[in-house]
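Data from final_28.cif: mmCIF, N, CA and C atoms
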data_target
loop_
_atom_site.label_atom_id
_atom_site.label_comp_id
_atom_site.auth_asym_id
_atom_site.auth_seq_id
_atom_site.Cartn_x
_atom_site.Cartn_y
_atom_site.Cartn_z
N MET A 1 -131.08 141.48 -1.02
CA MET A 1 -130.38 140.26 -0.64
C MET A 1 -129.18 140.56 0.26
N LYS A 2 -128.44 141.66 -0.06
CA LYS A 2 -127.29 142.04 0.74
C LYS A 2 -127.69 142.38 2.17
N LYS A 3 -128.84 143.06 2.33
CA LYS A 3 -129.29 143.44 3.67
C LYS A 3 -129.61 142.20 4.49
N VAL A 4 -130.20 141.19 3.86
CA VAL A 4 -130.52 139.94 4.57
C VAL A 4 -129.22 139.26 5.01
N LEU A 5 -128.25 139.21 4.13
CA LEU A 5 -126.97 138.60 4.46
C LEU A 5 -126.29 139.35 5.60
N TYR A 6 -126.27 140.67 5.55
CA TYR A 6 -125.70 141.47 6.63
C TYR A 6 -126.45 141.22 7.94
N GLY A 7 -127.76 141.11 7.85
CA GLY A 7 -128.57 140.84 9.04
C GLY A 7 -128.22 139.50 9.67
N ILE A 8 -128.05 138.48 8.82
CA ILE A 8 -127.68 137.14 9.32
C ILE A 8 -126.30 137.19 9.96
N VAL A 9 -125.36 137.84 9.31
CA VAL A 9 -124.01 137.95 9.87
C VAL A 9 -124.05 138.67 11.21
N LEU A 10 -124.83 139.74 11.30
CA LEU A 10 -124.95 140.49 12.55
C LEU A 10 -125.51 139.61 13.67
N VAL A 11 -126.55 138.84 13.37
CA VAL A 11 -127.15 137.96 14.37
C VAL A 11 -126.12 136.92 14.84
N VAL A 12 -125.37 136.35 13.92
CA VAL A 12 -124.36 135.36 14.29
C VAL A 12 -123.28 135.99 15.17
N VAL A 13 -122.79 137.15 14.78
CA VAL A 13 -121.74 137.82 15.55
C VAL A 13 -122.24 138.18 16.95
N VAL A 14 -123.44 138.70 17.05
CA VAL A 14 -124.00 139.05 18.35
C VAL A 14 -124.20 137.79 19.19
N GLY A 15 -124.68 136.72 18.57
CA GLY A 15 -124.88 135.46 19.29
C GLY A 15 -123.58 134.91 19.84
N ILE A 16 -122.55 134.88 19.02
CA ILE A 16 -121.25 134.38 19.46
C ILE A 16 -120.68 135.30 20.54
N GLY A 17 -120.85 136.59 20.36
CA GLY A 17 -120.39 137.53 21.38
C GLY A 17 -121.10 137.32 22.70
N GLY A 18 -122.39 137.05 22.64
CA GLY A 18 -123.16 136.79 23.86
C GLY A 18 -122.68 135.53 24.57
N LEU A 19 -122.41 134.48 23.80
CA LEU A 19 -121.91 133.25 24.40
C LEU A 19 -120.53 133.47 25.02
N PHE A 20 -119.69 134.21 24.34
CA PHE A 20 -118.37 134.53 24.89
C PHE A 20 -118.52 135.30 26.21
N ALA A 21 -119.44 136.27 26.24
CA ALA A 21 -119.67 137.06 27.46
C ALA A 21 -120.16 136.18 28.61
N LEU A 22 -121.08 135.26 28.31
CA LEU A 22 -121.56 134.33 29.35
C LEU A 22 -120.42 133.47 29.87
N GLY A 23 -119.57 133.00 28.96
CA GLY A 23 -118.41 132.21 29.38
C GLY A 23 -117.52 132.98 30.32
N GLN A 24 -117.29 134.24 30.02
CA GLN A 24 -116.45 135.07 30.89
C GLN A 24 -117.13 135.31 32.23
N MET A 25 -118.45 135.50 32.22
CA MET A 25 -119.20 135.70 33.47
C MET A 25 -119.09 134.46 34.36
N SER A 26 -119.09 133.28 33.74
CA SER A 26 -119.05 132.05 34.53
C SER A 26 -117.72 131.85 35.23
N ARG A 27 -116.69 132.56 34.81
CA ARG A 27 -115.36 132.41 35.40
C ARG A 27 -115.28 133.02 36.80
N SER A 28 -116.21 133.92 37.12
CA SER A 28 -116.21 134.47 38.48
C SER A 28 -117.21 133.66 39.30
N GLY A 29 -116.92 133.52 40.54
CA GLY A 29 -117.81 132.75 41.40
C GLY A 29 -117.10 131.53 41.94
N ALA A 30 -117.88 130.70 42.60
CA ALA A 30 -117.34 129.50 43.23
C ALA A 30 -118.45 128.45 43.31
N ALA A 31 -118.06 127.26 43.68
CA ALA A 31 -119.03 126.18 43.86
C ALA A 31 -120.05 126.60 44.92
N PRO A 32 -121.32 126.17 44.75
CA PRO A 32 -122.36 126.57 45.71
C PRO A 32 -122.11 126.10 47.14
N GLY A 33 -121.41 124.99 47.33
CA GLY A 33 -121.11 124.51 48.67
C GLY A 33 -122.23 123.70 49.29
N LEU A 34 -122.15 123.57 50.60
CA LEU A 34 -123.11 122.76 51.34
C LEU A 34 -124.20 123.64 51.96
N VAL A 35 -125.40 123.06 52.05
CA VAL A 35 -126.53 123.69 52.73
C VAL A 35 -127.05 122.66 53.73
N ASP A 36 -126.98 122.99 54.99
CA ASP A 36 -127.41 122.06 56.04
C ASP A 36 -126.71 120.71 55.91
N GLY A 37 -125.42 120.74 55.57
CA GLY A 37 -124.62 119.52 55.49
C GLY A 37 -124.81 118.71 54.22
N ARG A 38 -125.58 119.21 53.26
CA ARG A 38 -125.82 118.50 52.01
C ARG A 38 -125.41 119.38 50.84
N LEU A 39 -125.19 118.77 49.69
CA LEU A 39 -124.88 119.54 48.49
C LEU A 39 -126.08 120.41 48.13
N THR A 40 -125.81 121.62 47.67
CA THR A 40 -126.87 122.55 47.28
C THR A 40 -127.76 121.91 46.23
N PRO A 41 -129.08 122.01 46.37
CA PRO A 41 -129.97 121.45 45.35
C PRO A 41 -129.74 122.10 43.99
N CYS A 42 -129.98 121.32 42.94
CA CYS A 42 -129.88 121.85 41.58
C CYS A 42 -131.02 122.83 41.33
N PRO A 43 -130.76 123.85 40.50
CA PRO A 43 -131.86 124.71 40.07
C PRO A 43 -132.76 123.92 39.12
N GLU A 44 -133.86 124.48 38.70
CA GLU A 44 -134.77 123.76 37.81
C GLU A 44 -134.22 123.58 36.40
N ALA A 45 -133.21 124.34 36.02
CA ALA A 45 -132.61 124.24 34.68
C ALA A 45 -131.98 122.86 34.48
N PRO A 46 -131.99 122.35 33.25
CA PRO A 46 -131.45 121.01 32.99
C PRO A 46 -129.93 120.98 32.85
N ASN A 47 -129.22 121.93 33.48
CA ASN A 47 -127.77 121.97 33.36
C ASN A 47 -127.08 121.53 34.66
N CYS A 48 -127.74 120.68 35.42
CA CYS A 48 -127.22 120.24 36.71
C CYS A 48 -127.73 118.83 37.01
N VAL A 49 -126.86 118.03 37.61
CA VAL A 49 -127.26 116.70 38.08
C VAL A 49 -126.75 116.54 39.51
N SER A 50 -127.43 115.72 40.29
CA SER A 50 -127.05 115.51 41.68
C SER A 50 -127.50 114.12 42.14
N SER A 51 -126.78 113.60 43.11
CA SER A 51 -127.16 112.31 43.69
C SER A 51 -127.89 112.46 45.01
N GLU A 52 -128.07 113.69 45.48
CA GLU A 52 -128.78 113.89 46.75
C GLU A 52 -130.21 113.36 46.64
N ALA A 53 -130.72 112.84 47.74
CA ALA A 53 -132.00 112.11 47.76
C ALA A 53 -133.19 112.89 47.22
N ASP A 54 -133.24 114.19 47.44
CA ASP A 54 -134.43 114.95 47.04
C ASP A 54 -134.34 115.51 45.61
N THR A 55 -133.39 115.05 44.83
CA THR A 55 -133.21 115.54 43.46
C THR A 55 -134.30 114.98 42.55
N PRO A 56 -134.91 115.81 41.72
CA PRO A 56 -135.93 115.32 40.78
C PRO A 56 -135.34 114.24 39.86
N PRO A 57 -136.16 113.27 39.45
CA PRO A 57 -135.66 112.14 38.66
C PRO A 57 -134.89 112.54 37.40
N GLU A 58 -135.31 113.60 36.72
CA GLU A 58 -134.65 114.00 35.48
C GLU A 58 -133.25 114.58 35.72
N GLN A 59 -132.93 114.92 36.97
CA GLN A 59 -131.61 115.46 37.30
C GLN A 59 -130.81 114.52 38.20
N ARG A 60 -131.36 113.38 38.50
CA ARG A 60 -130.76 112.47 39.46
C ARG A 60 -129.69 111.59 38.82
N VAL A 61 -128.61 111.40 39.55
CA VAL A 61 -127.57 110.42 39.22
C VAL A 61 -127.30 109.62 40.49
N ASP A 62 -126.72 108.46 40.35
CA ASP A 62 -126.38 107.65 41.51
C ASP A 62 -125.14 108.20 42.19
N PRO A 63 -125.06 108.06 43.52
CA PRO A 63 -123.84 108.46 44.21
C PRO A 63 -122.68 107.55 43.80
N LEU A 64 -121.48 108.00 44.09
CA LEU A 64 -120.30 107.19 43.83
C LEU A 64 -120.07 106.26 45.02
N PRO A 65 -119.41 105.14 44.81
CA PRO A 65 -119.10 104.27 45.95
C PRO A 65 -118.11 104.96 46.90
N LEU A 66 -118.16 104.59 48.15
CA LEU A 66 -117.31 105.19 49.18
C LEU A 66 -115.83 105.11 48.81
N GLY A 67 -115.42 104.01 48.22
CA GLY A 67 -114.01 103.83 47.85
C GLY A 67 -113.52 104.81 46.80
N ALA A 68 -114.41 105.53 46.14
CA ALA A 68 -114.02 106.49 45.11
C ALA A 68 -113.40 107.75 45.72
N TRP A 69 -113.67 108.02 46.99
CA TRP A 69 -113.25 109.28 47.61
C TRP A 69 -111.75 109.56 47.44
N THR A 70 -110.91 108.59 47.72
CA THR A 70 -109.47 108.83 47.68
C THR A 70 -108.94 109.07 46.27
N GLY A 71 -109.63 108.57 45.26
CA GLY A 71 -109.19 108.75 43.88
C GLY A 71 -109.73 110.00 43.21
N LEU A 72 -110.60 110.73 43.88
CA LEU A 72 -111.22 111.91 43.26
C LEU A 72 -110.23 112.96 42.75
N PRO A 73 -109.27 113.41 43.56
CA PRO A 73 -108.37 114.45 43.05
C PRO A 73 -107.64 114.04 41.77
N ASP A 74 -107.14 112.82 41.72
CA ASP A 74 -106.43 112.37 40.52
C ASP A 74 -107.37 112.26 39.32
N ALA A 75 -108.58 111.77 39.54
CA ALA A 75 -109.55 111.65 38.45
C ALA A 75 -109.92 113.03 37.91
N ILE A 76 -110.11 113.98 38.80
CA ILE A 76 -110.46 115.35 38.40
C ILE A 76 -109.35 115.93 37.53
N LEU A 77 -108.11 115.81 37.99
CA LEU A 77 -106.97 116.33 37.22
C LEU A 77 -106.85 115.64 35.87
N ALA A 78 -107.03 114.33 35.84
CA ALA A 78 -106.92 113.57 34.59
C ALA A 78 -108.00 113.97 33.59
N MET A 79 -109.14 114.44 34.09
CA MET A 79 -110.24 114.86 33.22
C MET A 79 -110.16 116.34 32.86
N GLY A 80 -109.11 117.02 33.30
CA GLY A 80 -108.94 118.43 32.95
C GLY A 80 -109.50 119.41 33.95
N GLY A 81 -109.92 118.94 35.10
CA GLY A 81 -110.47 119.82 36.12
C GLY A 81 -109.41 120.30 37.10
N VAL A 82 -109.84 121.20 37.97
CA VAL A 82 -108.97 121.77 38.99
C VAL A 82 -109.68 121.67 40.33
N VAL A 83 -109.04 121.08 41.32
CA VAL A 83 -109.61 121.03 42.67
C VAL A 83 -109.47 122.41 43.28
N THR A 84 -110.59 122.96 43.76
CA THR A 84 -110.58 124.31 44.33
C THR A 84 -110.73 124.32 45.84
N ARG A 85 -111.23 123.24 46.40
CA ARG A 85 -111.39 123.15 47.85
C ARG A 85 -111.49 121.68 48.24
N GLN A 86 -110.82 121.33 49.34
CA GLN A 86 -110.90 119.95 49.81
C GLN A 86 -110.68 119.92 51.31
N ASP A 87 -111.57 119.21 52.00
CA ASP A 87 -111.36 118.93 53.41
C ASP A 87 -111.73 117.47 53.66
N GLU A 88 -111.93 117.10 54.91
CA GLU A 88 -112.16 115.70 55.25
C GLU A 88 -113.40 115.08 54.61
N ALA A 89 -114.44 115.90 54.36
CA ALA A 89 -115.70 115.35 53.88
C ALA A 89 -116.31 116.11 52.71
N TYR A 90 -115.57 117.06 52.12
CA TYR A 90 -116.09 117.85 51.01
C TYR A 90 -114.97 118.16 50.03
N LEU A 91 -115.30 118.10 48.74
CA LEU A 91 -114.34 118.44 47.70
C LEU A 91 -115.08 119.20 46.61
N ALA A 92 -114.48 120.29 46.14
CA ALA A 92 -115.05 121.07 45.03
C ALA A 92 -114.02 121.18 43.92
N ALA A 93 -114.51 121.15 42.68
CA ALA A 93 -113.62 121.26 41.52
C ALA A 93 -114.31 122.09 40.44
N GLU A 94 -113.51 122.63 39.54
CA GLU A 94 -114.01 123.38 38.40
C GLU A 94 -113.54 122.73 37.11
N PHE A 95 -114.43 122.71 36.13
CA PHE A 95 -114.11 122.27 34.77
C PHE A 95 -114.49 123.40 33.83
N THR A 96 -113.58 123.74 32.92
CA THR A 96 -113.80 124.83 31.97
C THR A 96 -113.91 124.26 30.57
N SER A 97 -114.98 124.63 29.86
CA SER A 97 -115.18 124.12 28.50
C SER A 97 -114.17 124.73 27.53
N ASP A 98 -113.84 123.99 26.50
CA ASP A 98 -112.88 124.46 25.50
C ASP A 98 -113.44 125.64 24.71
N ILE A 99 -114.71 125.58 24.38
CA ILE A 99 -115.33 126.64 23.60
C ILE A 99 -116.04 127.59 24.55
N PHE A 100 -115.77 128.86 24.44
CA PHE A 100 -116.37 129.93 25.23
C PHE A 100 -115.99 129.92 26.71
N SER A 101 -115.20 128.95 27.17
CA SER A 101 -114.69 128.91 28.55
C SER A 101 -115.77 128.91 29.63
N PHE A 102 -116.86 128.18 29.42
CA PHE A 102 -117.89 128.04 30.44
C PHE A 102 -117.33 127.23 31.61
N VAL A 103 -117.61 127.65 32.85
CA VAL A 103 -117.14 126.94 34.03
C VAL A 103 -118.30 126.17 34.65
N ASP A 104 -118.04 124.89 34.93
CA ASP A 104 -118.98 124.04 35.65
C ASP A 104 -118.36 123.68 36.99
N ASP A 105 -119.18 123.60 38.02
CA ASP A 105 -118.73 123.20 39.35
C ASP A 105 -119.12 121.75 39.59
N VAL A 106 -118.18 120.97 40.11
CA VAL A 106 -118.45 119.60 40.50
C VAL A 106 -118.09 119.49 41.98
N GLU A 107 -119.03 118.99 42.77
CA GLU A 107 -118.83 118.90 44.21
C GLU A 107 -119.11 117.49 44.69
N PHE A 108 -118.42 117.12 45.77
CA PHE A 108 -118.55 115.79 46.36
C PHE A 108 -118.61 115.94 47.86
N ARG A 109 -119.38 115.06 48.51
CA ARG A 109 -119.37 115.02 49.96
C ARG A 109 -119.46 113.58 50.42
N LEU A 110 -118.71 113.26 51.46
CA LEU A 110 -118.79 111.94 52.07
C LEU A 110 -120.10 111.85 52.82
N ALA A 111 -120.81 110.76 52.61
CA ALA A 111 -122.13 110.59 53.25
C ALA A 111 -122.33 109.13 53.59
N GLY A 112 -121.95 108.76 54.80
CA GLY A 112 -122.15 107.37 55.22
C GLY A 112 -121.34 106.41 54.37
N ASP A 113 -122.04 105.61 53.57
CA ASP A 113 -121.36 104.58 52.77
C ASP A 113 -121.26 104.94 51.30
N ALA A 114 -121.36 106.24 50.97
CA ALA A 114 -121.30 106.67 49.57
C ALA A 114 -120.68 108.06 49.48
N VAL A 115 -120.42 108.48 48.25
CA VAL A 115 -119.96 109.83 47.97
C VAL A 115 -121.04 110.51 47.13
N GLN A 116 -121.67 111.51 47.71
CA GLN A 116 -122.69 112.27 46.98
C GLN A 116 -121.98 113.19 46.00
N ILE A 117 -122.60 113.42 44.84
CA ILE A 117 -121.98 114.23 43.80
C ILE A 117 -123.00 115.21 43.22
N ARG A 118 -122.51 116.39 42.86
CA ARG A 118 -123.33 117.40 42.18
C ARG A 118 -122.46 118.03 41.11
N SER A 119 -122.96 118.10 39.89
CA SER A 119 -122.24 118.73 38.79
C SER A 119 -123.20 119.69 38.09
N GLY A 120 -122.84 120.98 38.07
CA GLY A 120 -123.74 121.96 37.50
C GLY A 120 -123.02 123.12 36.84
N SER A 121 -123.68 123.69 35.85
CA SER A 121 -123.16 124.86 35.15
C SER A 121 -123.42 126.12 35.97
N ARG A 122 -122.50 127.06 35.91
CA ARG A 122 -122.68 128.32 36.63
C ARG A 122 -123.63 129.26 35.90
N VAL A 123 -123.66 129.22 34.59
CA VAL A 123 -124.52 130.11 33.81
C VAL A 123 -125.25 129.30 32.75
N GLY A 124 -126.26 129.92 32.18
CA GLY A 124 -126.99 129.30 31.08
C GLY A 124 -128.12 128.42 31.55
N TYR A 125 -128.74 127.78 30.61
CA TYR A 125 -129.90 126.93 30.90
C TYR A 125 -129.60 125.47 30.59
N SER A 126 -129.24 125.19 29.35
CA SER A 126 -128.96 123.81 28.96
C SER A 126 -127.46 123.62 28.81
N ASP A 127 -127.00 122.42 29.10
CA ASP A 127 -125.59 122.11 28.94
C ASP A 127 -125.38 120.96 27.95
N GLN A 128 -126.46 120.60 27.24
CA GLN A 128 -126.41 119.51 26.25
C GLN A 128 -125.94 118.19 26.89
N GLY A 129 -126.21 118.00 28.18
CA GLY A 129 -125.86 116.76 28.86
C GLY A 129 -124.42 116.68 29.35
N ALA A 130 -123.68 117.78 29.29
CA ALA A 130 -122.25 117.77 29.65
C ALA A 130 -122.02 117.36 31.10
N ASN A 131 -122.84 117.84 32.02
CA ASN A 131 -122.63 117.50 33.43
C ASN A 131 -122.97 116.04 33.72
N ARG A 132 -124.02 115.53 33.12
CA ARG A 132 -124.35 114.10 33.28
C ARG A 132 -123.23 113.24 32.70
N ASP A 133 -122.73 113.62 31.53
CA ASP A 133 -121.64 112.87 30.90
C ASP A 133 -120.39 112.90 31.76
N ARG A 134 -120.10 114.06 32.36
CA ARG A 134 -118.92 114.19 33.22
C ARG A 134 -119.01 113.23 34.41
N VAL A 135 -120.18 113.17 35.02
CA VAL A 135 -120.36 112.26 36.16
C VAL A 135 -120.17 110.81 35.70
N GLY A 136 -120.69 110.47 34.53
CA GLY A 136 -120.51 109.11 34.01
C GLY A 136 -119.06 108.78 33.75
N THR A 137 -118.33 109.71 33.17
CA THR A 137 -116.90 109.49 32.92
C THR A 137 -116.15 109.35 34.21
N MET A 138 -116.47 110.17 35.20
CA MET A 138 -115.82 110.07 36.49
C MET A 138 -116.09 108.72 37.15
N ARG A 139 -117.33 108.26 37.04
CA ARG A 139 -117.71 106.96 37.60
C ARG A 139 -116.86 105.85 36.96
N GLU A 140 -116.68 105.92 35.64
CA GLU A 140 -115.87 104.92 34.94
C GLU A 140 -114.41 104.97 35.39
N ARG A 141 -113.86 106.16 35.54
CA ARG A 141 -112.46 106.30 35.95
C ARG A 141 -112.23 105.78 37.36
N LEU A 142 -113.24 105.90 38.21
CA LEU A 142 -113.09 105.53 39.62
C LEU A 142 -113.56 104.12 39.93
N ALA A 143 -114.03 103.40 38.90
CA ALA A 143 -114.52 102.04 39.12
C ALA A 143 -113.36 101.14 39.57
N PRO A 144 -113.66 100.26 40.52
CA PRO A 144 -112.59 99.36 41.02
C PRO A 144 -112.13 98.37 39.97
#
Structure translated into structure tokens:
Amino acid sequence: MKKVLYGIVLVVVVGIGGLFALGQMSRSGAAPGLVDGRLTPCPEAPNCVSSEADTPPEQRVDPLPLGAWTGLPDAILAMGGVVTRQDEAYLAAEFTSDIFSFVDDVEFRLAGDAVQIRSGSRVGYSDQGANRDRVGTMRERLAP
């Protein structure tokens, strides 16, 4: 019985250590940026959402209204994020999770009459809906 208990404790410790290591790995890097003037497509993993037209339905979110652009920096800061890059038509921000310090990138680009948005995790496979929820919260904060 003691060996089983030690085995379980070992698995838990290794698992938590692995998650901590992934969190630290996610701290290096930067937002994917633009590809041919558009936000980088999401990988197939369910830890990313995007409003770009070619996004698969399960990862698709609606773009933000054009009027949201000017309020983005304040909304990002209010939600605990940090703006890492901003120019006339592109903005990138980072959000770090409280547990294990996972970093997610959120990017925006001005596109005609809307603001395209992409929110994705740097590491891992699933985010338990965190990026979709973040986009929804941002949409609520920026609503007129």
Taking only N, CA and C atoms into account, which of A:Gly80, A:Ala92, A:Asp62, A:Ala75 comes nearest Gly33 (chain A)?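 Result for the nearest residue to Gly33 (chain A): A:Ala92.
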Go through A:Gly37, A:Val82, A:Ser97, A:Ala89 one by one, measure the shortest atom-to-atom distance of each to Arg109 (chain A) using all atoms listed in the file, and give the residue with the smallest value.
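Of A:Gly37, A:Val82, A:Ser97, A:Ala89, the one nearest Arg109 (chain A) is A:Ala89, counting all atoms listed in the file.
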How would you write, as a VMD selection string, the residues chosen by the PyMOL selection byres (((chain A and resi 118 and name CA) around 12) and name CA) on this structure?
chain A and resid 31 to 34 38 to 43 47 to 53 55 59 to 64 90 to 94 104 to 109 115 to 117 119 to 121 131 to 132 134 to 136 138
Just-selected residues, N, CA and C atoms written as a short mmCIF file (atom, residue, chain, number, x, y, z; two decimals), in the frame of the given file:
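This is the output file part22.cif:
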data_model
loop_
_atom_site.label_atom_id
_atom_site.label_comp_id
_atom_site.auth_asym_id
_atom_site.auth_seq_id
_atom_site.Cartn_x
_atom_site.Cartn_y
_atom_site.Cartn_z
N ALA A 31 -118.06 127.26 43.68
CA ALA A 31 -119.03 126.18 43.86
C ALA A 31 -120.05 126.60 44.92
N PRO A 32 -121.32 126.17 44.75
CA PRO A 32 -122.36 126.57 45.71
C PRO A 32 -122.11 126.10 47.14
N GLY A 33 -121.41 124.99 47.33
CA GLY A 33 -121.11 124.51 48.67
C GLY A 33 -122.23 123.70 49.29
N LEU A 34 -122.15 123.57 50.60
CA LEU A 34 -123.11 122.76 51.34
C LEU A 34 -124.20 123.64 51.96
N ARG A 38 -125.58 119.21 53.26
CA ARG A 38 -125.82 118.50 52.01
C ARG A 38 -125.41 119.38 50.84
N LEU A 39 -125.19 118.77 49.69
CA LEU A 39 -124.88 119.54 48.49
C LEU A 39 -126.08 120.41 48.13
N THR A 40 -125.81 121.62 47.67
CA THR A 40 -126.87 122.55 47.28
C THR A 40 -127.76 121.91 46.23
N PRO A 41 -129.08 122.01 46.37
CA PRO A 41 -129.97 121.45 45.35
C PRO A 41 -129.74 122.10 43.99
N CYS A 42 -129.98 121.32 42.94
CA CYS A 42 -129.88 121.85 41.58
C CYS A 42 -131.02 122.83 41.33
N PRO A 43 -130.76 123.85 40.50
CA PRO A 43 -131.86 124.71 40.07
C PRO A 43 -132.76 123.92 39.12
N ASN A 47 -129.22 121.93 33.48
CA ASN A 47 -127.77 121.97 33.36
C ASN A 47 -127.08 121.53 34.66
N CYS A 48 -127.74 120.68 35.42
CA CYS A 48 -127.22 120.24 36.71
C CYS A 48 -127.73 118.83 37.01
N VAL A 49 -126.86 118.03 37.61
CA VAL A 49 -127.26 116.70 38.08
C VAL A 49 -126.75 116.54 39.51
N SER A 50 -127.43 115.72 40.29
CA SER A 50 -127.05 115.51 41.68
C SER A 50 -127.50 114.12 42.14
N SER A 51 -126.78 113.60 43.11
CA SER A 51 -127.16 112.31 43.69
C SER A 51 -127.89 112.46 45.01
N GLU A 52 -128.07 113.69 45.48
CA GLU A 52 -128.78 113.89 46.75
C GLU A 52 -130.21 113.36 46.64
N ALA A 53 -130.72 112.84 47.74
CA ALA A 53 -132.00 112.11 47.76
C ALA A 53 -133.19 112.89 47.22
N THR A 55 -133.39 115.05 44.83
CA THR A 55 -133.21 115.54 43.46
C THR A 55 -134.30 114.98 42.55
N GLN A 59 -132.93 114.92 36.97
CA GLN A 59 -131.61 115.46 37.30
C GLN A 59 -130.81 114.52 38.20
N ARG A 60 -131.36 113.38 38.50
CA ARG A 60 -130.76 112.47 39.46
C ARG A 60 -129.69 111.59 38.82
N VAL A 61 -128.61 111.40 39.55
CA VAL A 61 -127.57 110.42 39.22
C VAL A 61 -127.30 109.62 40.49
N ASP A 62 -126.72 108.46 40.35
CA ASP A 62 -126.38 107.65 41.51
C ASP A 62 -125.14 108.20 42.19
N PRO A 63 -125.06 108.06 43.52
CA PRO A 63 -123.84 108.46 44.21
C PRO A 63 -122.68 107.55 43.80
N LEU A 64 -121.48 108.00 44.09
CA LEU A 64 -120.30 107.19 43.83
C LEU A 64 -120.07 106.26 45.02
N TYR A 90 -115.57 117.06 52.12
CA TYR A 90 -116.09 117.85 51.01
C TYR A 90 -114.97 118.16 50.03
N LEU A 91 -115.30 118.10 48.74
CA LEU A 91 -114.34 118.44 47.70
C LEU A 91 -115.08 119.20 46.61
N ALA A 92 -114.48 120.29 46.14
CA ALA A 92 -115.05 121.07 45.03
C ALA A 92 -114.02 121.18 43.92
N ALA A 93 -114.51 121.15 42.68
CA ALA A 93 -113.62 121.26 41.52
C ALA A 93 -114.31 122.09 40.44
N GLU A 94 -113.51 122.63 39.54
CA GLU A 94 -114.01 123.38 38.40
C GLU A 94 -113.54 122.73 37.11
N ASP A 104 -118.04 124.89 34.93
CA ASP A 104 -118.98 124.04 35.65
C ASP A 104 -118.36 123.68 36.99
N ASP A 105 -119.18 123.60 38.02
CA ASP A 105 -118.73 123.20 39.35
C ASP A 105 -119.12 121.75 39.59
N VAL A 106 -118.18 120.97 40.11
CA VAL A 106 -118.45 119.60 40.50
C VAL A 106 -118.09 119.49 41.98
N GLU A 107 -119.03 118.99 42.77
CA GLU A 107 -118.83 118.90 44.21
C GLU A 107 -119.11 117.49 44.69
N PHE A 108 -118.42 117.12 45.77
CA PHE A 108 -118.55 115.79 46.36
C PHE A 108 -118.61 115.94 47.86
N ARG A 109 -119.38 115.06 48.51
CA ARG A 109 -119.37 115.02 49.96
C ARG A 109 -119.46 113.58 50.42
N VAL A 115 -120.42 108.48 48.25
CA VAL A 115 -119.96 109.83 47.97
C VAL A 115 -121.04 110.51 47.13
N GLN A 116 -121.67 111.51 47.71
CA GLN A 116 -122.69 112.27 46.98
C GLN A 116 -121.98 113.19 46.00
N ILE A 117 -122.60 113.42 44.84
CA ILE A 117 -121.98 114.23 43.80
C ILE A 117 -123.00 115.21 43.22
N SER A 119 -122.96 118.10 39.89
CA SER A 119 -122.24 118.73 38.79
C SER A 119 -123.20 119.69 38.09
N GLY A 120 -122.84 120.98 38.07
CA GLY A 120 -123.74 121.96 37.50
C GLY A 120 -123.02 123.12 36.84
N SER A 121 -123.68 123.69 35.85
CA SER A 121 -123.16 124.86 35.15
C SER A 121 -123.42 126.12 35.97
N ASN A 131 -122.84 117.84 32.02
CA ASN A 131 -122.63 117.50 33.43
C ASN A 131 -122.97 116.04 33.72
N ARG A 132 -124.02 115.53 33.12
CA ARG A 132 -124.35 114.10 33.28
C ARG A 132 -123.23 113.24 32.70
N ARG A 134 -120.10 114.06 32.36
CA ARG A 134 -118.92 114.19 33.22
C ARG A 134 -119.01 113.23 34.41
N VAL A 135 -120.18 113.17 35.02
CA VAL A 135 -120.36 112.26 36.16
C VAL A 135 -120.17 110.81 35.70
N GLY A 136 -120.69 110.47 34.53
CA GLY A 136 -120.51 109.11 34.01
C GLY A 136 -119.06 108.78 33.75
N MET A 138 -116.47 110.17 35.20
CA MET A 138 -115.82 110.07 36.49
C MET A 138 -116.09 108.72 37.15
#
Separating atom C of Pro65 (chain A) from atom C of Asp113 (chain A), to the nearest tenth of an Å, is a gap of 5.4 Å
- Members of chain A assigned helix (DSSP H, G or I) by DSSP, as an MDAnalysis selection string: chainID A and resid 2:26 57:59 66:78 130:142
